[in-house]
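target-v5.cif, holding mmCIF, C-alpha atoms:
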data_my_file
loop_
_atom_site.label_atom_id
_atom_site.label_comp_id
_atom_site.auth_asym_id
_atom_site.auth_seq_id
_atom_site.Cartn_x
_atom_site.Cartn_y
_atom_site.Cartn_z
CA MET A 1 0.00 0.00 0.00
CA ALA A 2 1.46 3.23 -1.06
CA GLU A 3 1.34 5.92 1.56
CA LYS A 4 2.88 8.67 -0.46
CA LEU A 5 2.27 10.08 -3.88
CA LYS A 6 5.13 10.89 -6.19
CA LEU A 7 4.31 14.24 -7.73
CA ASP A 8 6.10 15.22 -10.93
CA ILE A 9 5.48 18.53 -12.66
CA VAL A 10 7.15 18.83 -16.05
CA THR A 11 6.84 21.49 -18.72
CA PRO A 12 8.48 21.89 -22.12
CA TYR A 13 10.80 24.36 -20.37
CA GLY A 14 12.07 21.97 -17.76
CA HIS A 15 11.38 19.85 -14.74
CA VAL A 16 9.60 22.11 -12.28
CA PHE A 17 8.99 19.94 -9.28
CA THR A 18 9.38 16.40 -8.06
CA ASP A 19 8.75 15.11 -4.55
CA GLU A 20 6.85 12.59 -2.45
CA VAL A 21 3.69 14.23 -1.15
CA ASP A 22 0.56 13.26 0.80
CA GLU A 23 -2.21 14.97 -1.08
CA ILE A 24 -2.78 16.93 -4.27
CA VAL A 25 -5.61 19.18 -5.39
CA ALA A 26 -5.66 20.37 -8.98
CA ALA A 27 -7.97 22.16 -11.38
CA GLY A 28 -9.25 19.65 -13.93
CA SER A 29 -11.19 20.75 -16.97
CA GLU A 30 -14.35 19.28 -15.39
CA GLY A 31 -13.72 20.82 -12.01
CA GLU A 32 -11.32 20.64 -9.15
CA PHE A 33 -10.21 17.19 -8.05
CA GLY A 34 -8.23 15.83 -5.13
CA VAL A 35 -5.85 12.91 -5.17
CA LEU A 36 -4.84 10.71 -2.25
CA PRO A 37 -2.64 7.60 -2.47
CA GLU A 38 -4.31 4.54 -4.03
CA HIS A 39 -6.33 6.60 -6.44
CA VAL A 40 -7.74 4.74 -9.45
CA PRO A 41 -5.96 5.39 -12.77
CA PHE A 42 -7.24 8.69 -14.00
CA LEU A 43 -6.40 10.94 -16.89
CA THR A 44 -7.69 14.45 -17.30
CA THR A 45 -6.98 17.67 -19.06
CA LEU A 46 -6.15 20.60 -16.82
CA LYS A 47 -7.45 24.09 -17.14
CA VAL A 48 -5.70 27.25 -16.10
CA GLY A 49 -5.60 27.27 -12.35
CA MET A 50 -3.97 26.32 -9.11
CA LEU A 51 -2.37 23.10 -8.01
CA THR A 52 -1.97 22.53 -4.28
CA TYR A 53 -0.01 19.80 -2.61
CA LYS A 54 0.34 18.86 1.05
CA LYS A 55 3.37 17.19 2.49
CA GLY A 56 3.16 16.79 6.26
CA SER A 57 2.54 20.28 7.53
CA GLU A 58 3.94 21.90 4.44
CA THR A 59 1.64 23.16 1.70
CA GLY A 60 2.79 24.23 -1.74
CA TYR A 61 1.00 26.12 -4.48
CA PHE A 62 1.61 26.12 -8.20
CA PHE A 63 0.17 28.07 -11.05
CA ILE A 64 -0.60 25.72 -13.96
CA SER A 65 -1.56 27.08 -17.35
CA GLY A 66 -3.31 24.05 -18.71
CA GLY A 67 -2.02 20.64 -19.70
CA TYR A 68 -2.64 17.06 -18.69
CA SER A 69 -2.55 15.09 -15.54
CA GLU A 70 -2.01 11.38 -15.24
CA VAL A 71 -2.88 9.83 -11.91
CA GLY A 72 -1.72 6.38 -10.88
CA PRO A 73 -1.97 4.62 -7.50
CA ASP A 74 1.31 6.03 -6.23
CA ASN A 75 2.21 8.77 -8.66
CA VAL A 76 0.82 11.90 -10.26
CA THR A 77 2.37 13.31 -13.39
CA ILE A 78 1.47 16.82 -14.47
CA LEU A 79 2.33 17.64 -18.07
CA ALA A 80 1.83 21.37 -17.90
CA ASP A 81 2.11 23.90 -20.70
CA SER A 82 3.82 26.06 -18.12
CA ALA A 83 4.02 26.00 -14.34
CA GLU A 84 5.22 28.43 -11.71
CA ARG A 85 5.64 28.02 -8.00
CA SER A 86 3.69 30.60 -6.01
CA ASP A 87 6.84 32.37 -4.78
CA SER A 88 8.31 32.73 -8.25
CA ILE A 89 5.31 34.49 -9.77
CA ASP A 90 5.87 38.04 -10.91
CA VAL A 91 2.76 39.71 -9.47
CA GLU A 92 3.44 43.07 -11.07
CA ARG A 93 3.61 41.49 -14.47
CA ALA A 94 0.46 39.49 -13.89
CA LYS A 95 -1.39 42.64 -12.81
CA ALA A 96 -0.20 44.48 -15.88
CA ALA A 97 -1.30 41.57 -18.04
CA MET A 98 -4.71 41.61 -16.38
CA LYS A 99 -5.16 45.30 -17.09
CA ARG A 100 -4.09 44.89 -20.68
CA ALA A 101 -6.45 41.96 -21.21
CA GLU A 102 -9.36 43.84 -19.69
CA GLU A 103 -8.73 46.78 -21.97
CA ARG A 104 -8.61 44.55 -24.99
CA LEU A 105 -11.88 42.94 -24.02
CA LYS A 106 -13.52 46.34 -24.12
CA GLN A 107 -12.40 46.95 -27.68
CA ALA A 108 -14.08 43.96 -29.17
CA GLU A 109 -13.52 44.84 -32.81
CA LYS A 110 -9.79 45.49 -32.52
CA PHE A 111 -8.50 42.45 -30.67
CA ASP A 112 -8.98 38.71 -30.71
CA GLN A 113 -11.49 38.18 -27.91
CA ALA A 114 -10.70 34.51 -27.31
CA ARG A 115 -7.05 35.31 -26.78
CA ALA A 116 -7.79 38.21 -24.50
CA THR A 117 -10.16 36.10 -22.43
CA SER A 118 -7.61 33.37 -21.88
CA ALA A 119 -4.92 35.93 -21.12
CA LEU A 120 -7.21 37.44 -18.50
CA GLU A 121 -7.92 34.01 -17.07
CA ARG A 122 -4.22 33.27 -16.75
CA ALA A 123 -3.48 36.61 -15.13
CA ILE A 124 -6.24 36.21 -12.55
CA ALA A 125 -5.16 32.66 -11.72
CA ARG A 126 -1.55 33.79 -11.36
CA ILE A 127 -2.50 36.53 -8.94
CA GLN A 128 -4.64 34.15 -6.92
CA VAL A 129 -1.82 31.64 -6.63
CA ALA A 130 0.68 34.33 -5.76
CA GLU A 131 -1.48 35.50 -2.87
CA LYS A 132 -1.32 32.03 -1.32
CA ARG A 133 2.33 32.04 -0.48
CA MET B 1 63.26 20.44 -52.68
CA ALA B 2 60.82 23.15 -51.72
CA THR B 3 62.35 26.58 -51.57
CA LEU B 4 62.36 28.67 -48.44
CA ARG B 5 59.68 30.91 -49.82
CA ASP B 6 57.37 28.03 -50.65
CA ILE B 7 57.60 26.65 -47.16
CA LYS B 8 57.00 30.05 -45.63
CA LYS B 9 53.90 30.46 -47.75
CA ARG B 10 52.55 27.10 -46.65
CA ILE B 11 53.13 27.89 -42.98
CA LYS B 12 51.17 31.08 -43.40
CA ALA B 13 48.34 29.25 -45.14
CA VAL B 14 48.08 26.60 -42.46
CA GLN B 15 48.10 29.24 -39.75
CA ASN B 16 45.23 31.03 -41.47
CA THR B 17 43.25 27.81 -41.63
CA GLN B 18 43.90 27.27 -37.98
CA LYS B 19 42.45 30.66 -37.17
CA ILE B 20 39.28 29.75 -39.02
CA THR B 21 38.87 26.36 -37.39
CA LYS B 22 39.45 27.89 -34.00
CA ALA B 23 36.78 30.50 -34.62
CA MET B 24 34.33 27.89 -35.87
CA LYS B 25 34.90 25.88 -32.75
CA MET B 26 34.05 28.89 -30.59
CA VAL B 27 30.90 29.59 -32.57
CA SER B 28 29.77 26.00 -32.25
CA ALA B 29 30.47 26.04 -28.54
CA SER B 30 28.19 28.99 -27.95
CA LYS B 31 25.46 27.63 -30.22
CA LEU B 32 25.71 24.29 -28.50
CA ARG B 33 25.22 25.83 -25.10
CA LYS B 34 21.99 27.47 -26.18
CA VAL B 35 20.42 24.50 -27.89
CA GLN B 36 21.66 22.07 -25.27
CA ASN B 37 19.82 23.91 -22.52
CA ARG B 38 16.59 23.83 -24.45
CA MET B 39 17.03 20.17 -25.17
CA LEU B 40 17.76 19.27 -21.55
CA ASP B 41 14.70 21.25 -20.47
CA LEU B 42 12.44 19.47 -22.90
CA ARG B 43 13.72 15.96 -22.25
CA PRO B 44 11.82 15.17 -19.03
CA TYR B 45 8.59 16.50 -20.55
CA ALA B 46 9.00 14.46 -23.71
CA ASP B 47 9.89 11.34 -21.75
CA LYS B 48 6.93 11.68 -19.40
CA MET B 49 4.57 12.31 -22.24
CA GLN B 50 5.79 9.22 -24.04
CA ASP B 51 5.38 7.20 -20.82
CA VAL B 52 1.82 8.42 -20.33
CA LEU B 53 0.91 7.58 -23.89
CA MET B 54 2.51 4.18 -23.71
CA SER B 55 0.48 3.22 -20.69
CA LEU B 56 -2.64 4.60 -22.37
CA ALA B 57 -2.00 2.84 -25.63
CA LYS B 58 -1.69 -0.48 -23.85
CA GLY B 59 -5.15 -0.33 -22.36
CA ALA B 60 -6.89 1.61 -25.09
CA ASP B 61 -8.64 0.37 -28.14
CA ARG B 62 -6.48 0.83 -31.22
CA GLU B 63 -9.47 2.09 -33.13
CA ALA B 64 -10.02 4.88 -30.65
CA HIS B 65 -7.94 7.42 -32.55
CA PRO B 66 -6.72 7.50 -36.15
CA LEU B 67 -3.14 8.07 -35.01
CA LEU B 68 -3.20 4.89 -32.92
CA ALA B 69 -4.23 2.65 -35.78
CA PHE B 70 -2.19 -0.44 -36.55
CA ARG B 71 -2.81 -1.02 -40.20
CA PRO B 72 -1.24 -3.73 -42.31
CA ARG B 73 2.02 -2.09 -43.26
CA LYS B 74 2.30 -1.17 -46.90
CA THR B 75 4.14 2.12 -47.02
CA VAL B 76 6.72 2.93 -44.41
CA GLU B 77 7.88 6.49 -43.95
CA VAL B 78 11.45 7.19 -42.88
CA LEU B 79 12.17 10.67 -41.58
CA VAL B 80 15.90 11.37 -41.76
CA ILE B 81 17.24 14.28 -39.73
CA THR B 82 20.64 15.70 -40.68
CA SER B 83 22.29 19.10 -40.67
CA ASP B 84 22.35 21.76 -43.34
CA ARG B 85 26.06 22.40 -43.13
CA GLY B 86 29.03 20.10 -43.25
CA LEU B 87 32.33 20.29 -41.39
CA CYS B 88 31.04 18.28 -38.49
CA GLY B 89 32.95 15.04 -38.75
CA ALA B 90 31.06 11.82 -39.29
CA PHE B 91 27.80 13.33 -38.03
CA ASN B 92 25.88 13.17 -41.30
CA THR B 93 27.61 10.08 -42.66
CA ASN B 94 26.57 8.07 -39.64
CA ILE B 95 22.96 9.12 -39.95
CA LEU B 96 22.76 8.50 -43.67
CA LYS B 97 24.35 5.09 -43.29
CA ALA B 98 21.84 4.12 -40.62
CA ALA B 99 18.97 5.51 -42.68
CA GLN B 100 20.07 3.61 -45.76
CA LYS B 101 20.31 0.41 -43.76
CA CYS B 102 16.86 0.98 -42.33
CA ILE B 103 15.41 1.70 -45.78
CA ASP B 104 17.07 -1.35 -47.30
CA GLY B 105 15.69 -3.47 -44.47
CA PHE B 106 12.13 -2.27 -45.13
CA LYS B 107 12.51 -2.81 -48.86
CA LYS B 108 13.75 -6.35 -48.30
CA ASP B 109 10.66 -7.04 -46.25
CA GLY B 110 8.58 -5.96 -49.19
CA PHE B 111 7.33 -2.57 -48.00
CA GLU B 112 7.10 0.60 -49.99
CA VAL B 113 9.38 3.21 -48.49
CA SER B 114 8.68 6.91 -48.59
CA ILE B 115 11.37 9.28 -47.44
CA SER B 116 11.19 12.68 -45.79
CA THR B 117 14.30 14.60 -44.97
CA VAL B 118 15.31 17.42 -42.70
CA GLY B 119 18.53 19.22 -43.58
CA LYS B 120 20.37 19.80 -46.83
CA LYS B 121 22.72 16.88 -46.34
CA ALA B 122 19.99 14.28 -46.34
CA ARG B 123 18.16 15.95 -49.21
CA ASP B 124 21.28 15.97 -51.37
CA TYR B 125 22.17 12.42 -50.46
CA PHE B 126 18.89 11.03 -51.72
CA LYS B 127 18.86 13.33 -54.72
CA ARG B 128 22.28 12.06 -55.77
CA ARG B 129 21.04 8.50 -55.58
CA GLY B 130 17.98 9.35 -57.64
CA VAL B 131 15.61 8.50 -54.81
CA ALA B 132 12.63 10.81 -54.62
CA SER B 133 11.85 12.11 -51.18
CA ARG B 134 8.27 12.83 -50.32
CA ASN B 135 9.14 16.00 -48.55
CA SER B 136 12.22 17.84 -47.44
CA TRP B 137 12.74 20.68 -45.05
CA THR B 138 15.88 22.75 -44.89
CA GLY B 139 17.11 25.70 -42.91
CA ILE B 140 16.00 24.24 -39.60
CA SER B 141 19.07 22.74 -37.99
CA GLY B 142 20.66 26.05 -37.07
CA SER B 143 17.59 27.52 -35.40
CA VAL B 144 15.13 24.89 -34.24
CA SER B 145 11.76 26.23 -33.14
CA PHE B 146 8.58 24.55 -32.05
CA THR B 147 6.89 25.93 -35.14
CA ASN B 148 9.31 24.00 -37.34
CA ALA B 149 8.51 20.84 -35.46
CA GLN B 150 4.79 21.45 -35.78
CA GLU B 151 5.05 21.97 -39.50
CA ILE B 152 6.80 18.65 -39.96
CA ALA B 153 4.52 16.90 -37.49
CA ASN B 154 1.38 18.19 -39.18
CA ASN B 155 2.54 16.93 -42.52
CA ILE B 156 3.27 13.50 -41.09
CA LYS B 157 0.03 13.31 -39.14
CA GLU B 158 -1.98 14.27 -42.19
CA ASN B 159 -0.35 11.65 -44.36
CA PHE B 160 -0.73 9.03 -41.68
CA ILE B 161 -4.39 9.73 -41.21
CA ASN B 162 -5.25 9.66 -44.89
CA GLU B 163 -3.30 6.41 -45.15
CA THR B 164 -0.57 7.54 -47.53
CA ILE B 165 1.83 6.12 -44.98
CA ASP B 166 1.22 3.35 -42.46
CA GLU B 167 4.24 3.64 -40.23
CA VAL B 168 6.73 6.36 -39.40
CA THR B 169 10.31 5.84 -38.31
CA VAL B 170 12.62 8.67 -37.34
CA VAL B 171 16.39 8.48 -37.76
CA TYR B 172 18.36 11.11 -35.88
CA ASN B 173 21.44 11.71 -33.76
CA ALA B 174 20.68 11.71 -30.06
CA PHE B 175 22.90 13.83 -27.89
CA LYS B 176 24.80 11.72 -25.41
CA SER B 177 27.72 13.87 -24.39
CA MET B 178 30.02 16.50 -25.81
CA VAL B 179 32.03 13.83 -27.55
CA ALA B 180 29.44 11.18 -28.32
CA GLN B 181 26.26 11.10 -30.35
CA THR B 182 24.18 7.99 -30.78
CA VAL B 183 22.34 7.30 -33.98
CA THR B 184 18.78 6.62 -32.97
CA VAL B 185 16.17 4.83 -35.01
CA ALA B 186 12.78 5.20 -33.37
CA GLN B 187 9.28 4.34 -34.43
CA LEU B 188 7.06 7.38 -34.09
CA LEU B 189 3.71 6.17 -35.39
CA PRO B 190 1.74 4.14 -34.61
CA LEU B 191 2.77 4.11 -30.97
CA ALA B 192 4.98 1.07 -30.68
CA PRO B 193 4.06 -1.60 -28.18
CA VAL B 194 6.23 -1.15 -25.10
CA ASP B 195 9.47 -3.12 -25.16
CA GLU B 196 9.72 -5.91 -22.66
CA GLY B 197 12.77 -4.31 -21.12
CA LYS B 198 11.07 -1.01 -20.36
CA GLU B 199 8.15 -2.58 -18.53
CA GLY B 200 9.47 -1.37 -15.19
CA THR B 201 8.17 2.18 -15.56
CA VAL B 202 4.54 1.14 -15.90
CA SER B 203 3.16 -0.84 -13.00
CA GLU B 204 0.60 -3.52 -13.62
CA SER B 205 -2.32 -1.62 -12.18
CA THR B 206 -1.91 1.33 -14.56
CA VAL B 207 -2.75 -0.99 -17.40
CA ALA B 208 -6.25 -1.17 -15.94
CA ASP B 209 -8.88 1.05 -17.47
CA PHE B 210 -8.35 4.71 -16.98
CA ILE B 211 -11.03 7.11 -15.96
CA TYR B 212 -11.02 9.87 -18.54
CA GLU B 213 -12.15 13.40 -18.01
CA PRO B 214 -13.84 14.97 -19.95
CA SER B 215 -13.83 11.89 -22.22
CA MET B 216 -11.39 9.51 -23.78
CA GLU B 217 -11.95 10.94 -27.24
CA ALA B 218 -11.41 14.50 -26.10
CA ILE B 219 -8.17 13.61 -24.39
CA PHE B 220 -6.85 11.46 -27.20
CA ASP B 221 -7.71 14.17 -29.70
CA ARG B 222 -5.44 16.60 -27.92
CA LEU B 223 -2.80 14.42 -26.37
CA ILE B 224 -1.83 12.12 -29.22
CA PRO B 225 -1.21 14.79 -31.88
CA ARG B 226 0.63 16.88 -29.33
CA ASN B 227 2.87 13.97 -28.54
CA VAL B 228 3.87 13.73 -32.20
CA ASP B 229 4.77 17.44 -32.18
CA ILE B 230 6.78 17.07 -29.02
CA GLN B 231 8.66 13.96 -30.10
CA ILE B 232 9.64 15.57 -33.40
CA TYR B 233 10.63 18.77 -31.64
CA ARG B 234 12.79 16.71 -29.35
CA ALA B 235 14.42 14.85 -32.23
CA LEU B 236 15.20 18.17 -33.93
CA LEU B 237 16.74 19.62 -30.79
CA GLU B 238 18.78 16.51 -30.09
CA SER B 239 20.02 16.50 -33.63
CA SER B 240 20.89 20.18 -33.53
CA ALA B 241 22.79 19.82 -30.26
CA SER B 242 24.60 16.76 -31.59
CA GLU B 243 25.53 18.65 -34.72
CA GLU B 244 27.14 21.49 -32.82
CA ALA B 245 28.95 19.06 -30.52
CA ALA B 246 30.21 17.07 -33.49
CA ARG B 247 31.36 20.24 -35.21
CA MET B 248 33.10 21.37 -32.07
CA SER B 249 35.16 18.22 -31.78
CA ALA B 250 35.83 18.13 -35.52
CA MET B 251 37.13 21.70 -35.38
CA GLU B 252 39.16 20.93 -32.28
CA ASN B 253 40.84 18.08 -34.17
CA ALA B 254 41.45 20.30 -37.16
CA THR B 255 43.02 22.98 -35.01
CA GLN B 256 45.32 20.40 -33.48
CA SER B 257 46.30 19.01 -36.87
CA CYS B 258 47.14 22.54 -37.94
CA SER B 259 49.46 22.96 -34.98
CA GLU B 260 51.21 19.72 -35.84
CA MET B 261 51.58 20.73 -39.44
CA VAL B 262 52.98 24.12 -38.51
CA SER B 263 55.64 22.53 -36.34
CA THR B 264 56.69 20.01 -39.02
CA LEU B 265 56.82 22.78 -41.61
CA THR B 266 58.84 25.02 -39.30
CA LEU B 267 61.35 22.20 -38.86
CA GLN B 268 61.56 21.81 -42.62
CA PHE B 269 61.98 25.53 -43.02
CA ASN B 270 64.86 25.66 -40.57
CA LYS B 271 66.58 22.71 -42.20
CA ALA B 272 66.28 24.33 -45.59
CA ARG B 273 67.57 27.61 -44.23
CA GLN B 274 70.58 25.90 -42.68
CA ALA B 275 71.28 23.99 -45.87
CA SER B 276 71.23 27.17 -47.90
CA ILE B 277 73.56 28.96 -45.46
CA THR B 278 75.96 26.02 -45.56
CA GLY B 279 75.84 26.12 -49.34
CA GLU B 280 76.62 29.83 -49.41
CA LEU B 281 79.54 29.40 -47.00
CA MET B 282 80.99 26.66 -49.16
CA ASP B 283 80.78 29.00 -52.16
CA ILE B 284 82.60 31.79 -50.30
CA VAL B 285 85.31 29.47 -48.98
CA GLY B 286 85.68 27.97 -52.43
CA GLY B 287 86.04 31.46 -53.92
CA VAL B 288 88.65 32.52 -51.36
CA GLU B 289 90.69 29.35 -52.02
CA ALA B 290 90.57 30.04 -55.74
CA LEU B 291 91.85 33.63 -55.30
CA LYS B 292 94.72 32.44 -53.12
CA GLY B 293 95.76 29.96 -55.76
#
Can the structure in the file be given as structure tokens, please?
Amino acid sequence: MAEKLKLDIVTPYGHVFTDEVDEIVAAGSEGEFGVLPEHVPFLTTLKVGMLTYKKGSETGYFFISGGYSEVGPDNVTILADSAERSDSIDVERAKAAMKRAEERLKQAEKFDQARATSALERAIARIQVAEKR
Amino acid sequence: MATLRDIKKRIKAVQNTQKITKAMKMVSASKLRKVQNRMLDLRPYADKMQDVLMSLAKGADREAHPLLAFRPRKTVEVLVITSDRGLCGAFNTNILKAAQKCIDGFKKDGFEVSISTVGKKARDYFKRRGVASRNSWTGISGSVSFTNAQEIANNIKENFINETIDEVTVVYNAFKSMVAQTVTVAQLLPLAPVDEGKEGTVSESTVADFIYEPSMEAIFDRLIPRNVDIQIYRALLESSASEEAARMSAMENATQSCSEMVSTLTLQFNKARQASITGELMDIVGGVEALKG
């Protein structure tokens, strides 16, 4: 019986995180889901959002900008498009990005609305994660 | 015997060559550093993605996605990745040899072979032999980008889905270390059944049915094509890093050979100089003796 989960977060820009943890909560495309050891095999797409893990008394937060998550009985692999730990997020930049996206949403005819919406989503999620540290 | 002037000229020429090879080595070193970092960053992602897909492909129905399909093999595609430029030792020769062997093997087994190439060296090789390649891309090896990879991947995916090709094999140089590259022949599509030896990474229980969210189709539709992009991107980066490493060591060797040549030539030059001085002295002494007489 596995008592720990091996959490791996990888992105095309490198290995972000790997450790044995107790519990993981992530934002799946169909809603938030939690993983404890001995989970059934599970594969989901991830939406832009926060990933939280607990290891003993320590809690860590990550910003994930979409990707995939594969869950096995004793391991969780996150294939993220990009991932940032809460303490490495540039809040100023995220705030600027949020403002820019909001402005673009107001000028519907000039900018690609779908892109602006997802940019806004990412910025808001980043700020939320950054506040958790 | 070569005159003093001739030898001097040659020394100069060799020294100039040495300057060039030295500079090329430096250029390769800095290019290598850049591409190597990107490659090392991508590797874990590409490996994990391949692992995930392997464990999926084992449990999943082969009909579930067009890119998973095992069809009776008729046409086999070989994607050969080389460099655009030469002067990198046996880098391209090794790849082309391996590719040729792979192609011959398929032909012997009675399959049609279609060839795609990346890099001028592969394109020219097949052109010289009068073999038509289905597609060739050039101008990538020096500046690999994800867009390049996607372009190639899209072409391959399209042809696979409309059944022009039934299997895809990639031949490229994998980066092992600064001094070693390994020629890699890997099957890209359809996802190969996992080798017996690699079983260790996938535990028995993962073979069991997955729960998919939102649905298996939705996930396969995104994940499988993306994997093709990533694996090709990885092959391009590995090849590019290997190329620069190969060029670096080739240029290092050339620089060393130049040094050796310069020292042999200098020795020759000094010998010739001495010989000519001795000759002149003999003339003078001979002249003096004659006057005395």
Can you work out which residues from chain A touch chain B at a cut-off of 6 Å (counting only C-alpha atoms) and hand them back as a ChimeraX atom specification? /A:10-14,41-44
Can you tell me, as a list in words, what residues are no more than 6 Å from Lys54 in chain A when counting only C-alpha atoms, ignoring any on the same chain fewer than 2 positions away?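 That gives Asp22, Glu23, Glu58 and Thr59 of chain A.
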Can you tell me which residues surround Val118 in chain B at a distance of at most 6 Å, considering only C-alpha atoms, apart from same-chain residues fewer than 5 positions away, and format the answer as a PDB file with C-alpha atoms, keeping the file's coordinate frame?
ATOM      1  CA  ILE B  81      17.240  14.280 -39.730  1.00  0.00           C
ATOM      2  CA  THR B  82      20.640  15.700 -40.680  1.00  0.00           C
ATOM      3  CA  SER B 136      12.220  17.840 -47.440  1.00  0.00           C
ATOM      4  CA  TRP B 137      12.740  20.680 -45.050  1.00  0.00           C
ATOM      5  CA  THR B 138      15.880  22.750 -44.890  1.00  0.00           C
TER       6      THR B 138
END
Around (5.1, 30.7, -13.3) in the file's own coordinates, what residues are found within 8 Å if you use all atoms listed in the file, given back as a VMD selection string? chain A and resid 62 to 64 82 to 86 88 to 90 126
Near Arg247 in chain B, counting all atoms listed in the file, which residues have an atom at most 12 Å away, once you skip same-chain residues fewer than 6 positions from it, shown as a ChimeraX atom specification? /B:21-32,83,85-92,178-181,240-241,253-255
Once the PyMOL selection byres ((chain A and resi 114-125) around 6) has been applied to the shown file, what residues remain in the selection, as a PDB file with C-alpha atoms, in the frame of the given file?
ATOM      1  CA  GLY A  49      -5.600  27.270 -12.350  1.00  0.00           C
ATOM      2  CA  ALA A  94       0.460  39.490 -13.890  1.00  0.00           C
ATOM      3  CA  MET A  98      -4.710  41.610 -16.380  1.00  0.00           C
ATOM      4  CA  ALA A 101      -6.450  41.960 -21.210  1.00  0.00           C
ATOM      5  CA  ASP A 112      -8.980  38.710 -30.710  1.00  0.00           C
ATOM      6  CA  GLN A 113     -11.490  38.180 -27.910  1.00  0.00           C
ATOM      7  CA  ARG A 126      -1.550  33.790 -11.360  1.00  0.00           C
ATOM      8  CA  ILE A 127      -2.500  36.530  -8.940  1.00  0.00           C
ATOM      9  CA  GLN A 128      -4.640  34.150  -6.920  1.00  0.00           C
TER      10      GLN A 128
END
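Closest to Thr266 in chain B among B:Lys9, B:Lys176, B:Arg123, B:Lys74 is B:Lys9, based on all atoms listed in the file.
The result of the PyMOL selection byres ((chain B and resi 156) around 10) on the shown file is B:Glu77, B:Leu79, B:Ser116, B:Asn135, B:Gln150, B:Glu151, B:Ile152, B:Ala153, B:Asn154, B:Asn155, B:Lys157, B:Glu158, B:Asn159, B:Phe160, B:Ile161, B:Thr164, B:Ile165, B:Glu167, B:Val168, B:Leu189, B:Val228, B:Asp229.
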If you measure from CA of Lys19 in chain B to CA of Leu265 in chain B, what distance in Å do you get, rounded to one decimal?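 According to the coordinates, CA of Lys19 in chain B and CA of Leu265 in chain B are separated by 17.0 Å.
Take CA of Ile277 in chain B and CA of Val262 in chain B: the distance between them is 22.3 Å.
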Using all atoms listed in the file, which residue out of A:Leu36, A:Ile78, A:Glu70, A:Lys132 lies closest to Thr18 in chain A? A:Ile78
So which residues fall inside 12 Å of (-8.5, 17.9, -12.2) if we count all atoms listed in the file? Mind giving them as a PDB file with C-alpha atoms, in the frame of the given file?
ATOM      1  CA  ILE A  24      -2.780  16.930  -4.270  1.00  0.00           C
ATOM      2  CA  VAL A  25      -5.610  19.180  -5.390  1.00  0.00           C
ATOM      3  CA  ALA A  26      -5.660  20.370  -8.980  1.00  0.00           C
ATOM      4  CA  ALA A  27      -7.970  22.160 -11.380  1.00  0.00           C
ATOM      5  CA  GLY A  28      -9.250  19.650 -13.930  1.00  0.00           C
ATOM      6  CA  SER A  29     -11.190  20.750 -16.970  1.00  0.00           C
ATOM      7  CA  GLU A  30     -14.350  19.280 -15.390  1.00  0.00           C
ATOM      8  CA  GLY A  31     -13.720  20.820 -12.010  1.00  0.00           C
ATOM      9  CA  GLU A  32     -11.320  20.640  -9.150  1.00  0.00           C
ATOM     10  CA  PHE A  33     -10.210  17.190  -8.050  1.00  0.00           C
ATOM     11  CA  GLY A  34      -8.230  15.830  -5.130  1.00  0.00           C
ATOM     12  CA  VAL A  35      -5.850  12.910  -5.170  1.00  0.00           C
ATOM     13  CA  PHE A  42      -7.240   8.690 -14.000  1.00  0.00           C
ATOM     14  CA  LEU A  43      -6.400  10.940 -16.890  1.00  0.00           C
ATOM     15  CA  THR A  44      -7.690  14.450 -17.300  1.00  0.00           C
ATOM     16  CA  THR A  45      -6.980  17.670 -19.060  1.00  0.00           C
ATOM     17  CA  LEU A  46      -6.150  20.600 -16.820  1.00  0.00           C
ATOM     18  CA  LYS A  47      -7.450  24.090 -17.140  1.00  0.00           C
ATOM     19  CA  VAL A  48      -5.700  27.250 -16.100  1.00  0.00           C
ATOM     20  CA  GLY A  49      -5.600  27.270 -12.350  1.00  0.00           C
ATOM     21  CA  MET A  50      -3.970  26.320  -9.110  1.00  0.00           C
ATOM     22  CA  LEU A  51      -2.370  23.100  -8.010  1.00  0.00           C
ATOM     23  CA  THR A  52      -1.970  22.530  -4.280  1.00  0.00           C
ATOM     24  CA  ILE A  64      -0.600  25.720 -13.960  1.00  0.00           C
ATOM     25  CA  GLY A  66      -3.310  24.050 -18.710  1.00  0.00           C
ATOM     26  CA  GLY A  67      -2.020  20.640 -19.700  1.00  0.00           C
ATOM     27  CA  TYR A  68      -2.640  17.060 -18.690  1.00  0.00           C
ATOM     28  CA  SER A  69      -2.550  15.090 -15.540  1.00  0.00           C
ATOM     29  CA  GLU A  70      -2.010  11.380 -15.240  1.00  0.00           C
ATOM     30  CA  VAL A  71      -2.880   9.830 -11.910  1.00  0.00           C
ATOM     31  CA  VAL A  76       0.820  11.900 -10.260  1.00  0.00           C
ATOM     32  CA  THR A  77       2.370  13.310 -13.390  1.00  0.00           C
ATOM     33  CA  ILE A  78       1.470  16.820 -14.470  1.00  0.00           C
TER      34      ILE A  78
ATOM     35  CA  ILE B 211     -11.030   7.110 -15.960  1.00  0.00           C
ATOM     36  CA  TYR B 212     -11.020   9.870 -18.540  1.00  0.00           C
ATOM     37  CA  GLU B 213     -12.150  13.400 -18.010  1.00  0.00           C
ATOM     38  CA  PRO B 214     -13.840  14.970 -19.950  1.00  0.00           C
TER      39      PRO B 214
END
Could you check how far CA of Ala272 in chain B sits from CA of Thr3 in chain B, in Å to one decimal?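 For CA of Ala272 in chain B relative to CA of Thr3 in chain B, the distance reads 7.5 Å.
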Please identify all polymer residues within 12 Å of Phe111 in chain A, counting all atoms listed in the file, omitting same-chain residues fewer than 6 positions from it, and present them as a compact mmCIF listing (two decimals) with C-alpha atoms, in the coordinates of the input.
# COMPACT_ATOMS: atom_id res chain seq x y z
CA ARG A 100 -4.09 44.89 -20.68
CA ALA A 101 -6.45 41.96 -21.21
CA GLU A 102 -9.36 43.84 -19.69
CA GLU A 103 -8.73 46.78 -21.97
CA ARG A 104 -8.61 44.55 -24.99
CA LEU A 105 -11.88 42.94 -24.02
CA THR A 117 -10.16 36.10 -22.43
